[in-house]
>>> print(open('start_12.cif').read())   # mmCIF, C-alpha atoms
data_run
loop_
_atom_site.label_atom_id
_atom_site.label_comp_id
_atom_site.auth_asym_id
_atom_site.auth_seq_id
_atom_site.Cartn_x
_atom_site.Cartn_y
_atom_site.Cartn_z
CA MET A 599 -57.13 -27.07 19.19
CA LYS A 600 -53.54 -25.86 19.26
CA ASN A 601 -52.75 -22.31 18.24
CA LEU A 602 -50.30 -23.08 15.46
CA LYS A 603 -49.01 -19.50 15.35
CA GLU A 604 -47.23 -20.22 18.63
CA TYR A 605 -44.97 -22.57 16.67
CA ILE A 606 -43.98 -20.02 14.03
CA ARG A 607 -40.88 -18.03 14.92
CA GLU A 608 -40.49 -14.57 13.45
CA ILE A 609 -36.94 -13.66 12.47
CA SER A 610 -36.25 -10.00 11.71
CA ASP A 611 -34.16 -8.99 8.69
CA PHE A 612 -33.91 -12.48 7.17
CA PRO A 613 -33.03 -13.17 4.41
CA SER A 614 -32.65 -9.40 3.89
CA GLU A 615 -33.26 -6.19 5.80
CA GLY A 616 -36.83 -5.27 6.59
CA ILE A 617 -38.23 -8.77 6.12
CA LYS A 618 -39.88 -10.57 9.04
CA TYR A 619 -39.19 -14.17 8.07
CA LYS A 620 -41.61 -16.82 9.28
CA ASP A 621 -39.57 -19.77 10.55
CA ILE A 622 -41.64 -22.96 10.56
CA THR A 623 -38.94 -25.20 12.05
CA PRO A 624 -40.29 -24.94 15.64
CA LEU A 625 -43.54 -26.40 14.34
CA LEU A 626 -41.68 -29.28 12.65
CA LEU A 627 -39.99 -30.05 15.99
CA ASP A 628 -43.32 -30.69 17.70
CA PRO A 629 -45.06 -33.90 16.55
CA GLU A 630 -48.43 -32.89 18.01
CA ALA A 631 -48.36 -29.54 16.25
CA VAL A 632 -47.46 -31.33 13.01
CA GLN A 633 -50.43 -33.69 13.41
CA GLU A 634 -52.74 -30.78 14.13
CA THR A 635 -51.47 -28.97 11.01
CA VAL A 636 -52.12 -31.99 8.81
CA ALA A 637 -55.60 -32.44 10.32
CA GLN A 638 -56.44 -28.80 9.59
CA PHE A 639 -55.29 -29.14 5.98
CA ILE A 640 -57.39 -32.28 5.53
CA LYS A 641 -60.43 -30.49 6.96
CA LEU A 642 -60.04 -27.70 4.35
CA LEU A 643 -60.34 -30.23 1.56
CA GLY A 644 -63.63 -31.97 2.15
CA ASP A 645 -64.43 -35.20 0.34
CA VAL A 646 -63.06 -34.83 -3.19
CA LYS A 647 -60.66 -37.59 -4.28
CA ILE A 648 -57.14 -36.19 -4.73
CA ASP A 649 -54.75 -37.92 -7.14
CA LYS A 650 -51.61 -35.83 -6.67
CA VAL A 651 -50.19 -33.40 -4.15
CA VAL A 652 -47.62 -31.06 -5.67
CA GLY A 653 -45.09 -29.53 -3.26
CA ILE A 654 -42.74 -26.70 -4.15
CA GLU A 655 -39.01 -27.05 -3.34
CA SER A 656 -38.03 -27.29 -0.67
CA ARG A 657 -40.19 -26.24 2.29
CA GLY A 658 -43.30 -27.32 0.41
CA PHE A 659 -41.96 -30.88 0.66
CA PHE A 660 -42.63 -31.12 4.43
CA PHE A 661 -46.40 -30.92 4.62
CA GLY A 662 -46.87 -31.75 0.95
CA MET A 663 -45.47 -35.19 1.63
CA LEU A 664 -47.58 -35.68 4.77
CA LEU A 665 -50.72 -34.53 2.96
CA ALA A 666 -50.09 -36.91 0.07
CA GLU A 667 -49.63 -39.79 2.50
CA LYS A 668 -52.85 -39.01 4.41
CA LEU A 669 -54.85 -38.58 1.18
CA LYS A 670 -53.35 -41.73 -0.40
CA ALA A 671 -52.28 -39.52 -3.29
CA GLY A 672 -49.02 -39.42 -5.20
CA PHE A 673 -46.47 -36.75 -4.30
CA VAL A 674 -44.92 -34.55 -7.00
CA PRO A 675 -41.96 -32.26 -6.30
CA ILE A 676 -41.66 -29.03 -8.27
CA ARG A 677 -38.01 -28.09 -8.24
CA LYS A 678 -35.47 -25.44 -9.16
CA PRO A 679 -33.75 -25.84 -12.56
CA GLY A 680 -31.42 -28.77 -13.11
CA LYS A 681 -32.54 -30.83 -10.11
CA LEU A 682 -35.07 -33.15 -11.77
CA PRO A 683 -33.29 -35.82 -13.80
CA TYR A 684 -36.04 -36.98 -16.18
CA LYS A 685 -37.94 -35.18 -18.99
CA ILE A 686 -39.39 -31.94 -17.65
CA HIS A 687 -41.77 -29.08 -18.30
CA ALA A 688 -40.39 -25.68 -17.25
CA GLU A 689 -42.01 -22.36 -16.41
CA SER A 690 -40.22 -19.08 -15.81
CA TYR A 691 -41.57 -16.32 -13.60
CA LYS A 692 -40.54 -12.85 -12.57
CA LEU A 693 -38.78 -12.03 -9.34
CA GLU A 694 -38.25 -8.53 -7.97
CA TYR A 695 -34.94 -8.57 -9.82
CA GLY A 696 -34.64 -10.99 -12.73
CA THR A 697 -36.47 -14.23 -13.36
CA ASP A 698 -36.52 -17.76 -11.97
CA ILE A 699 -37.60 -21.12 -13.34
CA LEU A 700 -39.59 -24.03 -11.91
CA GLU A 701 -39.53 -27.56 -13.29
CA ILE A 702 -41.79 -30.60 -13.05
CA HIS A 703 -41.38 -34.12 -14.43
CA GLN A 704 -43.45 -34.83 -17.54
CA ASP A 705 -44.80 -38.08 -16.08
CA ALA A 706 -45.87 -36.48 -12.79
CA ILE A 707 -49.48 -35.60 -13.63
CA LYS A 708 -51.91 -37.19 -16.08
CA PRO A 709 -54.68 -35.23 -17.83
CA GLY A 710 -57.83 -35.11 -15.71
CA GLU A 711 -56.14 -35.84 -12.39
CA ASN A 712 -57.25 -33.92 -9.30
CA VAL A 713 -54.31 -31.98 -7.91
CA ILE A 714 -53.51 -29.93 -4.82
CA LEU A 715 -50.71 -27.40 -4.92
CA HIS A 716 -48.98 -26.94 -1.58
CA ASP A 717 -46.28 -24.61 -0.29
CA ASP A 718 -45.32 -23.40 3.16
CA VAL A 719 -45.78 -19.68 2.47
CA LEU A 720 -47.92 -17.68 0.03
CA ALA A 721 -46.07 -14.39 -0.43
CA THR A 722 -46.31 -12.46 -3.73
CA GLY A 723 -47.77 -15.50 -5.47
CA GLY A 724 -45.26 -15.57 -8.32
CA THR A 725 -44.02 -19.04 -7.52
CA ALA A 726 -47.53 -20.40 -6.93
CA LYS A 727 -48.74 -18.96 -10.23
CA ALA A 728 -45.89 -20.56 -12.17
CA ALA A 729 -46.57 -23.87 -10.43
CA CYS A 730 -50.28 -23.65 -11.34
CA SER A 731 -49.33 -23.01 -14.97
CA LEU A 732 -47.22 -26.16 -15.01
CA ILE A 733 -50.02 -28.26 -13.52
CA GLU A 734 -52.58 -26.91 -15.98
CA LYS A 735 -50.26 -27.38 -18.96
CA MET A 736 -50.25 -31.05 -18.05
CA GLY A 737 -54.04 -31.20 -17.85
CA GLY A 738 -54.33 -31.40 -14.07
CA ASN A 739 -57.46 -30.07 -12.30
CA ILE A 740 -56.30 -27.80 -9.52
CA ILE A 741 -58.71 -28.52 -6.68
CA GLN A 742 -57.02 -26.26 -4.15
CA CYS A 743 -53.84 -24.27 -3.57
CA ASN A 744 -53.02 -24.49 0.12
CA PHE A 745 -50.41 -22.85 2.28
CA LEU A 746 -49.40 -23.09 5.89
CA ILE A 747 -48.84 -19.31 6.00
CA GLU A 748 -50.28 -16.47 3.96
CA LEU A 749 -48.70 -13.01 3.96
CA GLY A 750 -51.94 -11.20 3.21
CA PHE A 751 -50.38 -7.78 2.72
CA LEU A 752 -48.55 -9.07 -0.38
CA ASN A 753 -51.84 -9.99 -2.10
CA GLY A 754 -50.44 -13.21 -3.51
CA ARG A 755 -53.87 -14.82 -3.75
CA GLU A 756 -54.85 -12.35 -6.47
CA LYS A 757 -52.30 -13.94 -8.82
CA ILE A 758 -53.99 -17.35 -8.49
CA ALA A 759 -57.54 -16.09 -7.96
CA GLU A 760 -59.03 -18.52 -10.51
CA HIS A 761 -58.28 -21.31 -8.01
CA GLU A 762 -59.47 -22.07 -4.50
CA VAL A 763 -56.78 -20.62 -2.22
CA ARG A 764 -56.68 -21.67 1.43
CA SER A 765 -54.17 -21.02 4.17
CA LEU A 766 -54.01 -22.01 7.83
CA LEU A 767 -52.25 -18.95 9.25
CA SER A 768 -52.57 -15.36 8.07
CA TYR A 769 -50.21 -12.47 8.75
CA MET B 1124 -44.27 -57.15 -0.33
CA LYS B 1125 -43.63 -54.72 -3.17
CA ASN B 1126 -40.24 -54.74 -4.86
CA LEU B 1127 -39.34 -51.10 -4.29
CA LYS B 1128 -36.54 -51.19 -6.86
CA GLU B 1129 -39.22 -51.23 -9.54
CA TYR B 1130 -40.06 -47.67 -8.52
CA ILE B 1131 -36.50 -46.36 -8.85
CA ARG B 1132 -35.70 -45.00 -12.29
CA GLU B 1133 -32.09 -45.05 -13.43
CA ILE B 1134 -31.02 -42.04 -15.47
CA SER B 1135 -27.72 -42.29 -17.33
CA ASP B 1136 -25.23 -39.42 -17.30
CA PHE B 1137 -27.08 -37.29 -14.73
CA PRO B 1138 -26.03 -34.95 -13.24
CA SER B 1139 -22.76 -35.60 -15.10
CA GLU B 1140 -21.32 -38.13 -17.53
CA GLY B 1141 -20.82 -41.65 -16.31
CA ILE B 1142 -23.22 -41.37 -13.37
CA LYS B 1143 -26.29 -43.60 -13.20
CA TYR B 1144 -28.60 -41.37 -11.19
CA LYS B 1145 -31.27 -43.07 -9.07
CA ASP B 1146 -34.51 -41.13 -9.55
CA ILE B 1147 -36.89 -41.75 -6.65
CA THR B 1148 -39.77 -39.65 -8.04
CA PRO B 1149 -41.64 -42.67 -9.52
CA LEU B 1150 -41.77 -44.09 -5.99
CA LEU B 1151 -43.16 -40.81 -4.62
CA LEU B 1152 -45.92 -40.93 -7.25
CA ASP B 1153 -47.22 -44.26 -5.93
CA PRO B 1154 -48.93 -43.99 -2.53
CA GLU B 1155 -48.79 -47.75 -1.87
CA ALA B 1156 -45.07 -47.86 -2.59
CA VAL B 1157 -44.57 -44.89 -0.26
CA GLN B 1158 -46.47 -46.68 2.52
CA GLU B 1159 -44.44 -49.83 1.98
CA THR B 1160 -41.21 -47.79 2.15
CA VAL B 1161 -42.21 -46.19 5.44
CA ALA B 1162 -43.23 -49.57 6.88
CA GLN B 1163 -39.85 -51.04 5.93
CA PHE B 1164 -38.01 -48.15 7.59
CA ILE B 1165 -40.07 -48.56 10.76
CA LYS B 1166 -39.30 -52.28 10.82
CA LEU B 1167 -35.55 -51.53 10.71
CA LEU B 1168 -35.82 -49.49 13.88
CA GLY B 1169 -37.32 -51.82 16.42
CA ASP B 1170 -38.72 -50.49 19.69
CA VAL B 1171 -36.40 -47.72 20.78
CA LYS B 1172 -38.08 -44.34 21.41
CA ILE B 1173 -36.95 -41.77 18.83
CA ASP B 1174 -37.03 -38.07 19.72
CA LYS B 1175 -35.89 -36.51 16.45
CA VAL B 1176 -35.60 -37.49 12.81
CA VAL B 1177 -33.01 -35.43 10.95
CA GLY B 1178 -33.45 -35.18 7.16
CA ILE B 1179 -30.84 -33.77 4.81
CA GLU B 1180 -31.88 -31.13 2.25
CA SER B 1181 -33.75 -31.66 0.17
CA ARG B 1182 -34.56 -35.24 -0.86
CA GLY B 1183 -34.06 -36.37 2.72
CA PHE B 1184 -37.12 -34.30 3.60
CA PHE B 1185 -39.54 -36.70 1.85
CA PHE B 1186 -39.24 -39.83 3.94
CA GLY B 1187 -37.63 -38.03 6.87
CA MET B 1188 -40.87 -36.16 7.39
CA LEU B 1189 -43.01 -39.30 7.03
CA LEU B 1190 -40.78 -41.22 9.43
CA ALA B 1191 -40.96 -38.44 12.02
CA GLU B 1192 -44.73 -38.41 11.78
CA LYS B 1193 -45.04 -42.19 12.17
CA LEU B 1194 -42.60 -42.25 15.10
CA LYS B 1195 -44.24 -39.22 16.79
CA ALA B 1196 -40.81 -37.60 16.72
CA GLY B 1197 -39.81 -34.06 15.83
CA PHE B 1198 -38.42 -33.38 12.37
CA VAL B 1199 -35.16 -31.48 11.91
CA PRO B 1200 -33.98 -30.24 8.52
CA ILE B 1201 -30.24 -30.04 7.85
CA ARG B 1202 -29.80 -27.47 5.13
CA LYS B 1203 -27.31 -25.84 2.78
CA PRO B 1204 -25.69 -22.58 3.97
CA GLY B 1205 -27.86 -19.50 4.39
CA LYS B 1206 -31.22 -21.28 4.34
CA LEU B 1207 -31.87 -21.66 8.07
CA PRO B 1208 -32.87 -18.33 9.61
CA TYR B 1209 -32.13 -18.91 13.32
CA LYS B 1210 -28.88 -19.53 15.22
CA ILE B 1211 -27.02 -22.43 13.63
CA HIS B 1212 -24.19 -24.90 13.98
CA ALA B 1213 -22.26 -25.48 10.76
CA GLU B 1214 -20.01 -28.27 9.52
CA SER B 1215 -17.90 -28.22 6.38
CA TYR B 1216 -16.95 -31.31 4.45
CA LYS B 1217 -14.87 -32.18 1.41
CA LEU B 1218 -16.29 -32.72 -2.04
CA GLU B 1219 -14.39 -34.14 -4.99
CA TYR B 1220 -13.52 -30.53 -5.86
CA GLY B 1221 -13.72 -28.01 -3.02
CA THR B 1222 -15.81 -28.09 0.13
CA ASP B 1223 -19.43 -27.72 1.12
CA ILE B 1224 -21.20 -26.77 4.35
CA LEU B 1225 -24.24 -28.13 6.20
CA GLU B 1226 -26.20 -26.22 8.81
CA ILE B 1227 -28.58 -27.15 11.63
CA HIS B 1228 -30.56 -24.97 14.02
CA GLN B 1229 -29.09 -24.76 17.53
CA ASP B 1230 -32.44 -25.53 19.14
CA ALA B 1231 -33.09 -28.60 16.99
CA ILE B 1232 -31.62 -31.30 19.22
CA LYS B 1233 -31.22 -31.44 23.01
CA PRO B 1234 -28.41 -33.38 24.72
CA GLY B 1235 -29.38 -37.00 25.29
CA GLU B 1236 -32.10 -37.14 22.65
CA ASN B 1237 -32.37 -40.23 20.47
CA VAL B 1238 -31.89 -39.26 16.84
CA ILE B 1239 -32.20 -40.89 13.44
CA LEU B 1240 -30.34 -39.46 10.48
CA HIS B 1241 -32.14 -39.97 7.17
CA ASP B 1242 -31.27 -39.25 3.56
CA ASP B 1243 -32.48 -40.66 0.27
CA VAL B 1244 -29.08 -41.89 -0.96
CA LEU B 1245 -25.87 -42.97 0.76
CA ALA B 1246 -23.10 -42.35 -1.78
CA THR B 1247 -19.56 -41.45 -0.65
CA GLY B 1248 -20.81 -40.72 2.86
CA GLY B 1249 -19.30 -37.23 3.11
CA THR B 1250 -22.63 -35.52 3.67
CA ALA B 1251 -23.82 -38.17 6.14
CA LYS B 1252 -20.59 -37.89 8.12
CA ALA B 1253 -20.88 -34.11 8.38
CA ALA B 1254 -24.51 -34.47 9.45
CA CYS B 1255 -23.52 -37.01 12.14
CA SER B 1256 -20.87 -34.60 13.43
CA LEU B 1257 -23.49 -31.86 13.80
CA ILE B 1258 -25.86 -34.17 15.69
CA GLU B 1259 -23.10 -35.38 18.02
CA LYS B 1260 -21.84 -31.84 18.66
CA MET B 1261 -25.30 -31.11 20.02
CA GLY B 1262 -25.26 -34.17 22.27
CA GLY B 1263 -27.70 -36.29 20.26
CA ASN B 1264 -27.49 -40.11 20.41
CA ILE B 1265 -27.47 -41.36 16.85
CA ILE B 1266 -29.58 -44.51 16.98
CA GLN B 1267 -29.46 -45.21 13.25
CA CYS B 1268 -28.47 -43.65 9.94
CA ASN B 1269 -30.94 -44.84 7.34
CA PHE B 1270 -31.14 -44.42 3.61
CA LEU B 1271 -33.59 -45.42 0.94
CA ILE B 1272 -30.73 -46.26 -1.43
CA GLU B 1273 -27.13 -47.27 -0.80
CA LEU B 1274 -24.51 -47.14 -3.55
CA GLY B 1275 -22.39 -49.90 -2.06
CA PHE B 1276 -19.50 -49.53 -4.50
CA LEU B 1277 -18.75 -46.06 -3.05
CA ASN B 1278 -18.20 -47.47 0.46
CA GLY B 1279 -20.00 -44.57 2.13
CA ARG B 1280 -20.87 -46.65 5.18
CA GLU B 1281 -17.20 -46.83 6.14
CA LYS B 1282 -17.22 -43.07 6.83
CA ILE B 1283 -19.99 -43.46 9.42
CA ALA B 1284 -19.06 -46.96 10.61
CA GLU B 1285 -19.32 -46.03 14.30
CA HIS B 1286 -23.11 -45.82 13.79
CA GLU B 1287 -25.76 -48.33 12.79
CA VAL B 1288 -26.19 -47.86 9.03
CA ARG B 1289 -29.23 -49.33 7.31
CA SER B 1290 -30.57 -48.97 3.79
CA LEU B 1291 -33.59 -50.42 2.01
CA LEU B 1292 -32.16 -50.76 -1.50
CA SER B 1293 -28.59 -51.57 -2.46
CA TYR B 1294 -26.88 -51.00 -5.79
#
>>> encode(input="start_12.cif", output="structure tokens")
Amino acid sequence: MKNLKEYIREISDFPSEGIKYKDITPLLLDPEAVQETVAQFIKLLGDVKIDKVVGIESRGFFFGMLLAEKLKAGFVPIRKPGKLPYKIHAESYKLEYGTDILEIHQDAIKPGENVILHDDVLATGGTAKAACSLIEKMGGNIIQCNFLIELGFLNGREKIAEHEVRSLLSY
Amino acid sequence: MKNLKEYIREISDFPSEGIKYKDITPLLLDPEAVQETVAQFIKLLGDVKIDKVVGIESRGFFFGMLLAEKLKAGFVPIRKPGKLPYKIHAESYKLEYGTDILEIHQDAIKPGENVILHDDVLATGGTAKAACSLIEKMGGNIIQCNFLIELGFLNGREKIAEHEVRSLLSY
């Protein structure tokens, strides 16, 4: 089994001072590491039938799309405001300074569907929580929230503790 | 064979008046249509060994990532300014009003590698041309530029006519 952490590059002071950014692009460059990552995500899930994989713009699109394909599930992008062209549901959430908004298409999830939420990084959990709210508003069953990377010291999983939260790499 | 156009939703006056936006999210929702799309892209390529698939932020990430996985190639995101954390090459290009910039990581492509450029839509070709310039600056061989959708009336393929340009759906 590959040690996937070897494919994560730490960048100091990006996007702002004091932050050690986790750059996943070296992992994306290596097809074997990508396959291993997908296999590990699939193993976390077990046997339950998944109808939709929701990926958060834009780094959640990478493995969200691969997971959807492997699970024979539909893929649903959650996007920043103004990007989705059709009828949407919107959810605002707090940032350190100010607020932000996430949007999802109204036809993306049907009531009762089994849904995975995916993003590359679980940090403070604000984005993930807003995404979960959108999915639940639409009647989706959140089977799992999964992340490539979890920044444990930010306690993001507490914000979405009513769901199963899994991550492949912890920092 | 599925008619993939049935999965493209046309939205009038988005993002601005007079534009008939092609919404690919209904296609993403249907796992069989996604598989058919990937199979059609693979068929366009033939037998040549591909080292890297470059996808343009952010809708080029969807099928770019799936193509890379199928081809056992690395995936390279080209992103808007300030998003990539490592050392970058940048290329500016003209918009109708003003200019925009695309960025790529300096370690993303090695000289002599065989590269596919992928995006969801070929419109005026400005973005695709800037992306091709970045790839060529790094010494990549552009084997094909492929697009899910081509807006033929905008003549985008003329801007990248020195490359093989293929698209699955023409409007």
>>> resolve_selection(input="start_12.cif", expression="the PyMOL selection byres ((chain B and resi 1232) around 9)", output="CSV table (one decimal) with C-alpha atoms, in the frame of the given file")
chain,number,residue,atom,x,y,z
B,1174,ASP,CA,-37.0,-38.1,19.7
B,1175,LYS,CA,-35.9,-36.5,16.4
B,1199,VAL,CA,-35.2,-31.5,11.9
B,1228,HIS,CA,-30.6,-25.0,14.0
B,1229,GLN,CA,-29.1,-24.8,17.5
B,1230,ASP,CA,-32.4,-25.5,19.1
B,1231,ALA,CA,-33.1,-28.6,17.0
B,1233,LYS,CA,-31.2,-31.4,23.0
B,1234,PRO,CA,-28.4,-33.4,24.7
B,1235,GLY,CA,-29.4,-37.0,25.3
B,1236,GLU,CA,-32.1,-37.1,22.6
B,1238,VAL,CA,-31.9,-39.3,16.8
B,1258,ILE,CA,-25.9,-34.2,15.7
B,1261,MET,CA,-25.3,-31.1,20.0
B,1262,GLY,CA,-25.3,-34.2,22.3
B,1263,GLY,CA,-27.7,-36.3,20.3
>>> resolve_selection(input="start_12.cif", expression="the PyMOL selection byres ((chain A) within 6 of (chain B))", output="PyMOL selection string")
chain A and resi 626-629+670-673
>>> write_last_selection(input="start_12.cif", atoms="C-alpha atoms", output="PDB file, in the frame of the given file")
ATOM      1  CA  LEU A 626     -41.680 -29.280  12.650  1.00  0.00           C
ATOM      2  CA  LEU A 627     -39.990 -30.050  15.990  1.00  0.00           C
ATOM      3  CA  ASP A 628     -43.320 -30.690  17.700  1.00  0.00           C
ATOM      4  CA  PRO A 629     -45.060 -33.900  16.550  1.00  0.00           C
ATOM      5  CA  LYS A 670     -53.350 -41.730  -0.400  1.00  0.00           C
ATOM      6  CA  ALA A 671     -52.280 -39.520  -3.290  1.00  0.00           C
ATOM      7  CA  GLY A 672     -49.020 -39.420  -5.200  1.00  0.00           C
ATOM      8  CA  PHE A 673     -46.470 -36.750  -4.300  1.00  0.00           C
TER       9      PHE A 673
END
>>> residues_around(input="start_12.cif", residues="Leu1225 in chain B", least_positions_apart="5", cutoff="8 Å", atoms="all atoms listed in the file", output="PyMOL selection string")
chain B and resi 1201-1204+1213-1215+1250+1253-1254
>>> write_last_selection(input="start_12.cif", atoms="C-alpha atoms", output="compact mmCIF listing (two decimals), keeping the file's coordinate frame")
# COMPACT_ATOMS: atom_id res chain seq x y z
CA ILE B 1201 -30.24 -30.04 7.85
CA ARG B 1202 -29.80 -27.47 5.13
CA LYS B 1203 -27.31 -25.84 2.78
CA PRO B 1204 -25.69 -22.58 3.97
CA ALA B 1213 -22.26 -25.48 10.76
CA GLU B 1214 -20.01 -28.27 9.52
CA SER B 1215 -17.90 -28.22 6.38
CA THR B 1250 -22.63 -35.52 3.67
CA ALA B 1253 -20.88 -34.11 8.38
CA ALA B 1254 -24.51 -34.47 9.45
>>> residues_around(input="start_12.cif", residues="Asn1278 in chain B", least_positions_apart="6", cutoff="10 Å", atoms="all atoms listed in the file", output="number ranges by chain")
B: 1245-1248
>>> axis_aligned_box(input="start_12.cif", around="range 1183-1188 of chain B", padding_each_side="6 Å", output="lines of an AutoDock Vina configuration file")
center_x = -37.5
center_y = -37.1
center_z = 4.6
size_x = 18.8
size_y = 17.5
size_z = 17.5
>>> atom_distance(input="start_12.cif", atom1="CA of Phe1276 in chain B", atom2="CA of Lys1260 in chain B")
29.2 Å
>>> atom_distance(input="start_12.cif", atom1="CA of Ser731 in chain A", atom2="CA of Ile654 in chain A")
13.2 Å
>>> residues_around(input="start_12.cif", residues="Gln638 in chain A", least_positions_apart="5", cutoff="10 Å", atoms="all atoms listed in the file", output="JSON, numbers by chain")
{"A": [599, 632, 633, 643, 746, 765, 766]}
>>> write_last_selection(input="start_12.cif", atoms="C-alpha atoms", output="mmCIF file, in the coordinates of the input")
data_model
loop_
_atom_site.group_PDB
_atom_site.id
_atom_site.type_symbol
_atom_site.label_atom_id
_atom_site.label_comp_id
_atom_site.auth_asym_id
_atom_site.auth_seq_id
_atom_site.Cartn_x
_atom_site.Cartn_y
_atom_site.Cartn_z
ATOM 1 C CA MET A 599 -57.130 -27.070 19.190
ATOM 2 C CA VAL A 632 -47.460 -31.330 13.010
ATOM 3 C CA GLN A 633 -50.430 -33.690 13.410
ATOM 4 C CA LEU A 643 -60.340 -30.230 1.560
ATOM 5 C CA LEU A 746 -49.400 -23.090 5.890
ATOM 6 C CA SER A 765 -54.170 -21.020 4.170
ATOM 7 C CA LEU A 766 -54.010 -22.010 7.830
#
>>> atom_distance(input="start_12.cif", atom1="CA of Leu752 in chain A", atom2="CA of Asp717 in chain A")
15.7 Å
>>> resolve_selection(input="start_12.cif", expression="the PyMOL selection byres ((chain A and resi 687) around 6)", output="list in words")
Ile686, Ala688, Glu701 and Ile702 of chain A
>>> decode(input="start_12.cif", residues="range 1134-1139 of chain B", atoms="all heavy atoms", output="PDB file, in the first residue's frame")
ATOM      1  N   ILE B1134     -29.811  26.687 -21.305  1.00  0.00           N
ATOM      2  CA  ILE B1134     -30.372  27.715 -20.422  1.00  0.00           C
ATOM      3  C   ILE B1134     -30.242  29.057 -21.129  1.00  0.00           C
ATOM      4  O   ILE B1134     -29.127  29.488 -21.448  1.00  0.00           O
ATOM      5  CB  ILE B1134     -29.598  27.766 -19.081  1.00  0.00           C
ATOM      6  CG1 ILE B1134     -29.423  26.364 -18.487  1.00  0.00           C
ATOM      7  CG2 ILE B1134     -30.249  28.759 -18.139  1.00  0.00           C
ATOM      8  CD1 ILE B1134     -30.363  25.969 -17.411  1.00  0.00           C
ATOM      9  N   SER B1135     -31.384  29.704 -21.371  1.00  0.00           N
ATOM     10  CA  SER B1135     -31.347  30.973 -22.095  1.00  0.00           C
ATOM     11  C   SER B1135     -30.889  32.115 -21.197  1.00  0.00           C
ATOM     12  O   SER B1135     -31.200  32.146 -20.010  1.00  0.00           O
ATOM     13  CB  SER B1135     -32.747  31.306 -22.631  1.00  0.00           C
ATOM     14  OG  SER B1135     -33.099  30.354 -23.607  1.00  0.00           O
ATOM     15  N   ASP B1136     -30.129  33.025 -21.787  1.00  0.00           N
ATOM     16  CA  ASP B1136     -29.710  34.258 -21.101  1.00  0.00           C
ATOM     17  C   ASP B1136     -28.874  33.994 -19.851  1.00  0.00           C
ATOM     18  O   ASP B1136     -28.993  34.701 -18.850  1.00  0.00           O
ATOM     19  CB  ASP B1136     -30.936  35.124 -20.754  1.00  0.00           C
ATOM     20  CG  ASP B1136     -31.723  35.493 -22.005  1.00  0.00           C
ATOM     21  OD1 ASP B1136     -31.084  35.804 -23.027  1.00  0.00           O
ATOM     22  OD2 ASP B1136     -32.967  35.447 -21.968  1.00  0.00           O
ATOM     23  N   PHE B1137     -28.025  32.976 -19.883  1.00  0.00           N
ATOM     24  CA  PHE B1137     -27.086  32.731 -18.790  1.00  0.00           C
ATOM     25  C   PHE B1137     -25.707  32.558 -19.395  1.00  0.00           C
ATOM     26  O   PHE B1137     -25.572  31.835 -20.384  1.00  0.00           O
ATOM     27  CB  PHE B1137     -27.460  31.468 -18.001  1.00  0.00           C
ATOM     28  CG  PHE B1137     -26.555  31.222 -16.809  1.00  0.00           C
ATOM     29  CD1 PHE B1137     -26.866  31.743 -15.569  1.00  0.00           C
ATOM     30  CD2 PHE B1137     -25.362  30.498 -16.946  1.00  0.00           C
ATOM     31  CE1 PHE B1137     -26.027  31.546 -14.473  1.00  0.00           C
ATOM     32  CE2 PHE B1137     -24.521  30.305 -15.857  1.00  0.00           C
ATOM     33  CZ  PHE B1137     -24.856  30.820 -14.623  1.00  0.00           C
ATOM     34  N   PRO B1138     -24.648  33.144 -18.853  1.00  0.00           N
ATOM     35  CA  PRO B1138     -24.661  34.057 -17.702  1.00  0.00           C
ATOM     36  C   PRO B1138     -25.097  35.472 -18.039  1.00  0.00           C
ATOM     37  O   PRO B1138     -25.268  36.278 -17.138  1.00  0.00           O
ATOM     38  CB  PRO B1138     -23.191  34.035 -17.243  1.00  0.00           C
ATOM     39  CG  PRO B1138     -22.410  33.726 -18.463  1.00  0.00           C
ATOM     40  CD  PRO B1138     -23.292  32.861 -19.326  1.00  0.00           C
ATOM     41  N   SER B1139     -25.291  35.771 -19.349  1.00  0.00           N
ATOM     42  CA  SER B1139     -25.791  37.110 -19.686  1.00  0.00           C
ATOM     43  C   SER B1139     -26.734  37.020 -20.878  1.00  0.00           C
ATOM     44  O   SER B1139     -26.809  35.984 -21.558  1.00  0.00           O
ATOM     45  CB  SER B1139     -24.626  38.062 -19.977  1.00  0.00           C
ATOM     46  OG  SER B1139     -23.751  37.484 -20.919  1.00  0.00           O
TER      47      SER B1139
END
